[in-house]
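The structure appears below as structure tokens.
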Amino acid sequence: MIGAPIDAAAAERVSAMIAEQDAAARLAIGPALTTLLPRYRSLWDVTTSSAERRRISAENWEVNGDYRDSMTDSLSPAALVTHIEETILPLLGAYTLTLIDRPRFHGRFVTFAWAFLDRAGSIAPIAGAAGVDFVTVSADAKLAQIVGFFDDEM
């Protein structure tokens, strides 16, 4: 019933259940994140060869994985690699995509803040050079979907 007092014991049981489910999910995907996110980051690195970028994408994305941000409608993993090589690296090749905050996750959902930084730690002076990504990880610990938001849009 809307507006009814909350039963404290029921609220505690629900909180415990959510914490237990979250802990189980962390055990399932937590270790994968230690390799999955650095591999994803390397897709954006100018020092990664095109062949290596394609191999990393194929090994770490679901076949029908999906990437989208305000610059792209919806890209398959292969199309994302092309987008990175043809659009992003020519603009930001002198900068390194860096995770600037610890990833946070709940179940199969992960979020992290990132920025393209130069060697001195300064953010690239163009729109879209920093933001937050929201990631869905598949049951077999691969990237299923990434939705990116640029800081200048938030």
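Every chain in the structure tokens takes a letter, A first, then B, and so on in the order presented; its residues are numbered from 1, and the ligands are numbered from 1 following the presented order.
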Contact residues around region 96-103 of chain A with only C-alpha atoms at 9 Å, ignoring same-chain residues under 5 positions, as a ChimeraX atom specification: /A:33,37-38,41-42,44-46,110-119,129-130
Selected residue of minimal separation from Gly131 (chain A) among A:Ser57, A:Thr48, A:Ser70, A:Thr87, counting only C-alpha atoms: A:Ser70
Of the listed residues A:Ala120, A:Ala78, A:Ile88, A:Phe134, that which approaches Phe105 (chain A) most closely, counting only C-alpha atoms: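 Checking each of A:Ala120, A:Ala78, A:Ile88, A:Phe134 against Phe105 (chain A), counting only C-alpha atoms, the winner is A:Phe134.
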Shell of 10 Å around Thr136 (chain A), only C-alpha atoms, local chain residues under 4 positions omitted, as JSON, numbers by chain: {"A": [65, 66, 105, 106, 107, 108, 109, 110, 111, 141, 142, 143, 144, 145, 146, 147]}
I need the residues of region 4-151 of chain A that end up classed as helix (DSSP H, G or I) by DSSP on the backbone, written out as a PDB file with N, CA and C atoms, in the first residue's frame.
```pdb
ATOM      1  N   ALA A   8      10.636  -2.318   9.243  1.00  0.00           N
ATOM      2  CA  ALA A   8      12.098  -2.268   9.362  1.00  0.00           C
ATOM      3  C   ALA A   8      12.727  -3.637   9.130  1.00  0.00           C
ATOM      4  N   ALA A   9      12.107  -4.686   9.647  1.00  0.00           N
ATOM      5  CA  ALA A   9      12.660  -6.032   9.473  1.00  0.00           C
ATOM      6  C   ALA A   9      12.632  -6.437   7.999  1.00  0.00           C
ATOM      7  N   ALA A  10      11.540  -6.107   7.307  1.00  0.00           N
ATOM      8  CA  ALA A  10      11.444  -6.430   5.878  1.00  0.00           C
ATOM      9  C   ALA A  10      12.481  -5.639   5.086  1.00  0.00           C
ATOM     10  N   ALA A  11      12.659  -4.385   5.437  1.00  0.00           N
ATOM     11  CA  ALA A  11      13.652  -3.556   4.751  1.00  0.00           C
ATOM     12  C   ALA A  11      15.053  -4.127   4.946  1.00  0.00           C
ATOM     13  N   GLU A  12      15.352  -4.603   6.144  1.00  0.00           N
ATOM     14  CA  GLU A  12      16.661  -5.210   6.411  1.00  0.00           C
ATOM     15  C   GLU A  12      16.848  -6.484   5.603  1.00  0.00           C
ATOM     16  N   ARG A  13      15.791  -7.309   5.491  1.00  0.00           N
ATOM     17  CA  ARG A  13      15.883  -8.545   4.705  1.00  0.00           C
ATOM     18  C   ARG A  13      16.135  -8.226   3.239  1.00  0.00           C
ATOM     19  N   VAL A  14      15.429  -7.237   2.707  1.00  0.00           N
ATOM     20  CA  VAL A  14      15.623  -6.845   1.306  1.00  0.00           C
ATOM     21  C   VAL A  14      17.042  -6.317   1.108  1.00  0.00           C
ATOM     22  N   SER A  15      17.516  -5.486   2.019  1.00  0.00           N
ATOM     23  CA  SER A  15      18.882  -4.955   1.920  1.00  0.00           C
ATOM     24  C   SER A  15      19.908  -6.077   1.951  1.00  0.00           C
ATOM     25  N   ALA A  16      19.712  -7.047   2.830  1.00  0.00           N
ATOM     26  CA  ALA A  16      20.636  -8.179   2.924  1.00  0.00           C
ATOM     27  C   ALA A  16      20.616  -9.004   1.643  1.00  0.00           C
ATOM     28  N   MET A  17      19.415  -9.216   1.091  1.00  0.00           N
ATOM     29  CA  MET A  17      19.292  -9.986  -0.143  1.00  0.00           C
ATOM     30  C   MET A  17      20.014  -9.274  -1.292  1.00  0.00           C
ATOM     31  N   ILE A  18      19.815  -7.965  -1.404  1.00  0.00           N
ATOM     32  CA  ILE A  18      20.475  -7.197  -2.463  1.00  0.00           C
ATOM     33  C   ILE A  18      21.985  -7.249  -2.282  1.00  0.00           C
ATOM     34  N   ALA A  19      22.452  -7.095  -1.047  1.00  0.00           N
ATOM     35  CA  ALA A  19      23.894  -7.146  -0.781  1.00  0.00           C
ATOM     36  C   ALA A  19      24.461  -8.512  -1.141  1.00  0.00           C
ATOM     37  N   GLU A  20      23.723  -9.577  -0.839  1.00  0.00           N
ATOM     38  CA  GLU A  20      24.172 -10.930  -1.162  1.00  0.00           C
ATOM     39  C   GLU A  20      24.243 -11.131  -2.670  1.00  0.00           C
ATOM     40  N   GLN A  21      23.219 -10.677  -3.391  1.00  0.00           N
ATOM     41  CA  GLN A  21      23.223 -10.801  -4.849  1.00  0.00           C
ATOM     42  C   GLN A  21      24.358  -9.984  -5.453  1.00  0.00           C
ATOM     43  N   ASP A  22      24.580  -8.788  -4.934  1.00  0.00           N
ATOM     44  CA  ASP A  22      25.646  -7.938  -5.442  1.00  0.00           C
ATOM     45  C   ASP A  22      27.003  -8.575  -5.178  1.00  0.00           C
ATOM     46  N   ALA A  23      27.176  -9.164  -3.989  1.00  0.00           N
ATOM     47  CA  ALA A  23      28.442  -9.826  -3.667  1.00  0.00           C
ATOM     48  C   ALA A  23      28.681 -11.004  -4.602  1.00  0.00           C
ATOM     49  N   ALA A  24      27.627 -11.770  -4.900  1.00  0.00           N
ATOM     50  CA  ALA A  24      27.766 -12.897  -5.825  1.00  0.00           C
ATOM     51  C   ALA A  24      28.147 -12.404  -7.216  1.00  0.00           C
ATOM     52  N   ALA A  25      27.522 -11.325  -7.652  1.00  0.00           N
ATOM     53  CA  ALA A  25      27.851 -10.769  -8.967  1.00  0.00           C
ATOM     54  C   ALA A  25      29.286 -10.261  -8.988  1.00  0.00           C
ATOM     55  N   ARG A  26      29.735  -9.636  -7.892  1.00  0.00           N
ATOM     56  CA  ARG A  26      31.116  -9.154  -7.830  1.00  0.00           C
ATOM     57  C   ARG A  26      32.085 -10.320  -7.959  1.00  0.00           C
ATOM     58  N   LEU A  27      31.779 -11.432  -7.296  1.00  0.00           N
ATOM     59  CA  LEU A  27      32.639 -12.605  -7.404  1.00  0.00           C
ATOM     60  C   LEU A  27      32.665 -13.123  -8.830  1.00  0.00           C
ATOM     61  N   ALA A  28      31.539 -13.025  -9.523  1.00  0.00           N
ATOM     62  CA  ALA A  28      31.451 -13.546 -10.885  1.00  0.00           C
ATOM     63  C   ALA A  28      32.174 -12.657 -11.888  1.00  0.00           C
ATOM     64  N   ILE A  29      31.963 -11.338 -11.827  1.00  0.00           N
ATOM     65  CA  ILE A  29      32.565 -10.483 -12.853  1.00  0.00           C
ATOM     66  C   ILE A  29      33.728  -9.650 -12.343  1.00  0.00           C
ATOM     67  N   GLY A  30      33.893  -9.532 -11.032  1.00  0.00           N
ATOM     68  CA  GLY A  30      34.971  -8.716 -10.486  1.00  0.00           C
ATOM     69  C   GLY A  30      36.339  -9.052 -11.051  1.00  0.00           C
ATOM     70  N   PRO A  31      36.756 -10.329 -11.005  1.00  0.00           N
ATOM     71  CA  PRO A  31      38.071 -10.669 -11.557  1.00  0.00           C
ATOM     72  C   PRO A  31      38.190 -10.358 -13.053  1.00  0.00           C
ATOM     73  N   ALA A  32      37.106 -10.518 -13.784  1.00  0.00           N
ATOM     74  CA  ALA A  32      37.147 -10.235 -15.222  1.00  0.00           C
ATOM     75  C   ALA A  32      37.408  -8.756 -15.479  1.00  0.00           C
ATOM     76  N   LEU A  33      36.917  -7.893 -14.589  1.00  0.00           N
ATOM     77  CA  LEU A  33      37.103  -6.455 -14.786  1.00  0.00           C
ATOM     78  C   LEU A  33      38.564  -6.052 -14.727  1.00  0.00           C
ATOM     79  N   THR A  34      39.368  -6.794 -13.985  1.00  0.00           N
ATOM     80  CA  THR A  34      40.783  -6.437 -13.890  1.00  0.00           C
ATOM     81  C   THR A  34      41.492  -6.592 -15.223  1.00  0.00           C
ATOM     82  N   THR A  35      40.954  -7.407 -16.109  1.00  0.00           N
ATOM     83  CA  THR A  35      41.532  -7.525 -17.455  1.00  0.00           C
ATOM     84  C   THR A  35      40.637  -6.898 -18.516  1.00  0.00           C
ATOM     85  N   LEU A  36      39.330  -6.969 -18.335  1.00  0.00           N
ATOM     86  CA  LEU A  36      38.397  -6.489 -19.358  1.00  0.00           C
ATOM     87  C   LEU A  36      38.504  -4.981 -19.577  1.00  0.00           C
ATOM     88  N   LEU A  37      38.500  -4.201 -18.520  1.00  0.00           N
ATOM     89  CA  LEU A  37      38.555  -2.745 -18.687  1.00  0.00           C
ATOM     90  C   LEU A  37      39.892  -2.265 -19.253  1.00  0.00           C
ATOM     91  N   PRO A  38      41.038  -2.795 -18.811  1.00  0.00           N
ATOM     92  CA  PRO A  38      42.289  -2.382 -19.469  1.00  0.00           C
ATOM     93  C   PRO A  38      42.329  -2.764 -20.955  1.00  0.00           C
ATOM     94  N   ARG A  39      41.757  -3.893 -21.299  1.00  0.00           N
ATOM     95  CA  ARG A  39      41.717  -4.272 -22.719  1.00  0.00           C
ATOM     96  C   ARG A  39      40.827  -3.314 -23.503  1.00  0.00           C
ATOM     97  N   TYR A  40      39.690  -2.960 -22.926  1.00  0.00           N
ATOM     98  CA  TYR A  40      38.812  -1.987 -23.580  1.00  0.00           C
ATOM     99  C   TYR A  40      39.546  -0.657 -23.752  1.00  0.00           C
ATOM    100  N   ARG A  41      40.230  -0.211 -22.709  1.00  0.00           N
ATOM    101  CA  ARG A  41      40.977   1.037 -22.781  1.00  0.00           C
ATOM    102  C   ARG A  41      42.024   0.993 -23.892  1.00  0.00           C
ATOM    103  N   SER A  42      42.662  -0.159 -24.070  1.00  0.00           N
ATOM    104  CA  SER A  42      43.715  -0.265 -25.087  1.00  0.00           C
ATOM    105  C   SER A  42      43.175  -0.113 -26.510  1.00  0.00           C
ATOM    106  N   LEU A  43      41.870  -0.326 -26.703  1.00  0.00           N
ATOM    107  CA  LEU A  43      41.292  -0.092 -28.032  1.00  0.00           C
ATOM    108  C   LEU A  43      41.503   1.351 -28.467  1.00  0.00           C
ATOM    109  N   SER A  50      46.366  -1.771 -35.446  1.00  0.00           N
ATOM    110  CA  SER A  50      45.017  -2.054 -35.941  1.00  0.00           C
ATOM    111  C   SER A  50      44.677  -3.536 -35.776  1.00  0.00           C
ATOM    112  N   ALA A  51      45.619  -4.407 -36.104  1.00  0.00           N
ATOM    113  CA  ALA A  51      45.374  -5.847 -35.978  1.00  0.00           C
ATOM    114  C   ALA A  51      45.134  -6.229 -34.517  1.00  0.00           C
ATOM    115  N   GLU A  52      45.931  -5.667 -33.612  1.00  0.00           N
ATOM    116  CA  GLU A  52      45.769  -5.948 -32.186  1.00  0.00           C
ATOM    117  C   GLU A  52      44.439  -5.403 -31.678  1.00  0.00           C
ATOM    118  N   ARG A  53      44.066  -4.219 -32.141  1.00  0.00           N
ATOM    119  CA  ARG A  53      42.793  -3.603 -31.746  1.00  0.00           C
ATOM    120  C   ARG A  53      41.635  -4.516 -32.162  1.00  0.00           C
ATOM    121  N   ARG A  54      41.686  -5.053 -33.362  1.00  0.00           N
ATOM    122  CA  ARG A  54      40.621  -5.939 -33.842  1.00  0.00           C
ATOM    123  C   ARG A  54      40.596  -7.259 -33.068  1.00  0.00           C
ATOM    124  N   ARG A  55      41.774  -7.782 -32.732  1.00  0.00           N
ATOM    125  CA  ARG A  55      41.840  -9.020 -31.956  1.00  0.00           C
ATOM    126  C   ARG A  55      41.249  -8.800 -30.558  1.00  0.00           C
ATOM    127  N   ILE A  56      41.642  -7.716 -29.911  1.00  0.00           N
ATOM    128  CA  ILE A  56      41.128  -7.407 -28.573  1.00  0.00           C
ATOM    129  C   ILE A  56      39.612  -7.254 -28.614  1.00  0.00           C
ATOM    130  N   SER A  57      39.123  -6.564 -29.622  1.00  0.00           N
ATOM    131  CA  SER A  57      37.680  -6.370 -29.758  1.00  0.00           C
ATOM    132  C   SER A  57      36.963  -7.709 -29.910  1.00  0.00           C
ATOM    133  N   ALA A  58      37.473  -8.551 -30.786  1.00  0.00           N
ATOM    134  CA  ALA A  58      36.833  -9.849 -31.039  1.00  0.00           C
ATOM    135  C   ALA A  58      36.830 -10.735 -29.793  1.00  0.00           C
ATOM    136  N   GLU A  59      37.887 -10.682 -29.010  1.00  0.00           N
ATOM    137  CA  GLU A  59      37.995 -11.550 -27.837  1.00  0.00           C
ATOM    138  C   GLU A  59      37.207 -11.048 -26.624  1.00  0.00           C
ATOM    139  N   ASN A  60      36.933  -9.758 -26.568  1.00  0.00           N
ATOM    140  CA  ASN A  60      36.370  -9.187 -25.343  1.00  0.00           C
ATOM    141  C   ASN A  60      34.963  -8.629 -25.475  1.00  0.00           C
ATOM    142  N   PRO A  77      31.042  -4.019 -32.343  1.00  0.00           N
ATOM    143  CA  PRO A  77      32.444  -3.954 -31.933  1.00  0.00           C
ATOM    144  C   PRO A  77      33.392  -3.651 -33.101  1.00  0.00           C
ATOM    145  N   ALA A  78      33.167  -4.263 -34.254  1.00  0.00           N
ATOM    146  CA  ALA A  78      34.034  -4.004 -35.413  1.00  0.00           C
ATOM    147  C   ALA A  78      33.884  -2.568 -35.899  1.00  0.00           C
ATOM    148  N   ALA A  79      32.658  -2.059 -35.903  1.00  0.00           N
ATOM    149  CA  ALA A  79      32.428  -0.676 -36.332  1.00  0.00           C
ATOM    150  C   ALA A  79      33.030   0.310 -35.334  1.00  0.00           C
ATOM    151  N   LEU A  80      33.042  -0.044 -34.045  1.00  0.00           N
ATOM    152  CA  LEU A  80      33.673   0.818 -33.047  1.00  0.00           C
ATOM    153  C   LEU A  80      35.170   0.940 -33.326  1.00  0.00           C
ATOM    154  N   VAL A  81      35.808  -0.164 -33.654  1.00  0.00           N
ATOM    155  CA  VAL A  81      37.239  -0.128 -33.972  1.00  0.00           C
ATOM    156  C   VAL A  81      37.491   0.804 -35.151  1.00  0.00           C
ATOM    157  N   THR A  82      36.675   0.705 -36.184  1.00  0.00           N
ATOM    158  CA  THR A  82      36.811   1.595 -37.343  1.00  0.00           C
ATOM    159  C   THR A  82      36.609   3.047 -36.922  1.00  0.00           C
ATOM    160  N   HIS A  83      35.602   3.310 -36.107  1.00  0.00           N
ATOM    161  CA  HIS A  83      35.332   4.666 -35.611  1.00  0.00           C
ATOM    162  C   HIS A  83      36.538   5.205 -34.833  1.00  0.00           C
ATOM    163  N   ILE A  84      37.104   4.383 -33.980  1.00  0.00           N
ATOM    164  CA  ILE A  84      38.279   4.802 -33.202  1.00  0.00           C
ATOM    165  C   ILE A  84      39.428   5.157 -34.142  1.00  0.00           C
ATOM    166  N   GLU A  85      39.687   4.287 -35.113  1.00  0.00           N
ATOM    167  CA  GLU A  85      40.832   4.494 -36.002  1.00  0.00           C
ATOM    168  C   GLU A  85      40.642   5.660 -36.960  1.00  0.00           C
ATOM    169  N   GLU A  86      39.425   5.866 -37.435  1.00  0.00           N
ATOM    170  CA  GLU A  86      39.203   6.898 -38.447  1.00  0.00           C
ATOM    171  C   GLU A  86      38.820   8.258 -37.863  1.00  0.00           C
ATOM    172  N   THR A  87      38.206   8.279 -36.689  1.00  0.00           N
ATOM    173  CA  THR A  87      37.700   9.538 -36.141  1.00  0.00           C
ATOM    174  C   THR A  87      38.420   9.969 -34.871  1.00  0.00           C
ATOM    175  N   ILE A  88      38.563   9.066 -33.925  1.00  0.00           N
ATOM    176  CA  ILE A  88      39.084   9.442 -32.610  1.00  0.00           C
ATOM    177  C   ILE A  88      40.601   9.611 -32.607  1.00  0.00           C
ATOM    178  N   LEU A  89      41.337   8.617 -33.095  1.00  0.00           N
ATOM    179  CA  LEU A  89      42.794   8.696 -33.024  1.00  0.00           C
ATOM    180  C   LEU A  89      43.386   9.870 -33.799  1.00  0.00           C
ATOM    181  N   PRO A  90      42.837  10.238 -34.975  1.00  0.00           N
ATOM    182  CA  PRO A  90      43.386  11.425 -35.633  1.00  0.00           C
ATOM    183  C   PRO A  90      43.236  12.698 -34.788  1.00  0.00           C
ATOM    184  N   LEU A  91      42.191  12.771 -33.973  1.00  0.00           N
ATOM    185  CA  LEU A  91      41.976  13.943 -33.111  1.00  0.00           C
ATOM    186  C   LEU A  91      42.729  13.855 -31.788  1.00  0.00           C
ATOM    187  N   LEU A  92      42.766  12.654 -31.221  1.00  0.00           N
ATOM    188  CA  LEU A  92      43.256  12.495 -29.853  1.00  0.00           C
ATOM    189  C   LEU A  92      44.453  11.560 -29.737  1.00  0.00           C
ATOM    190  N   ASP A 151      31.480  14.607 -20.578  1.00  0.00           N
ATOM    191  CA  ASP A 151      31.297  15.539 -19.462  1.00  0.00           C
ATOM    192  C   ASP A 151      30.643  16.837 -19.888  1.00  0.00           C
TER     193      ASP A 151
END
```
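Rounded to one decimal, CA of Asp69 (chain A) and CA of Asp152 (chain A) lie 12.6 Å from each other.
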Every residue of region 19-130 of chain A that DSSP places in strand (DSSP E or B), as a PyMOL selection string: chain A and resi 61-69+72-75+96-99+104-106+109-117+123+130
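Straight-line separation from CA of Ser76 (chain A) to CA of Asp140 (chain A): 18.1 Å.
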Distance in Å - CA of Ser122 (chain A) versus CA of Gly93 (chain A):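 The value is 14.2 Å.
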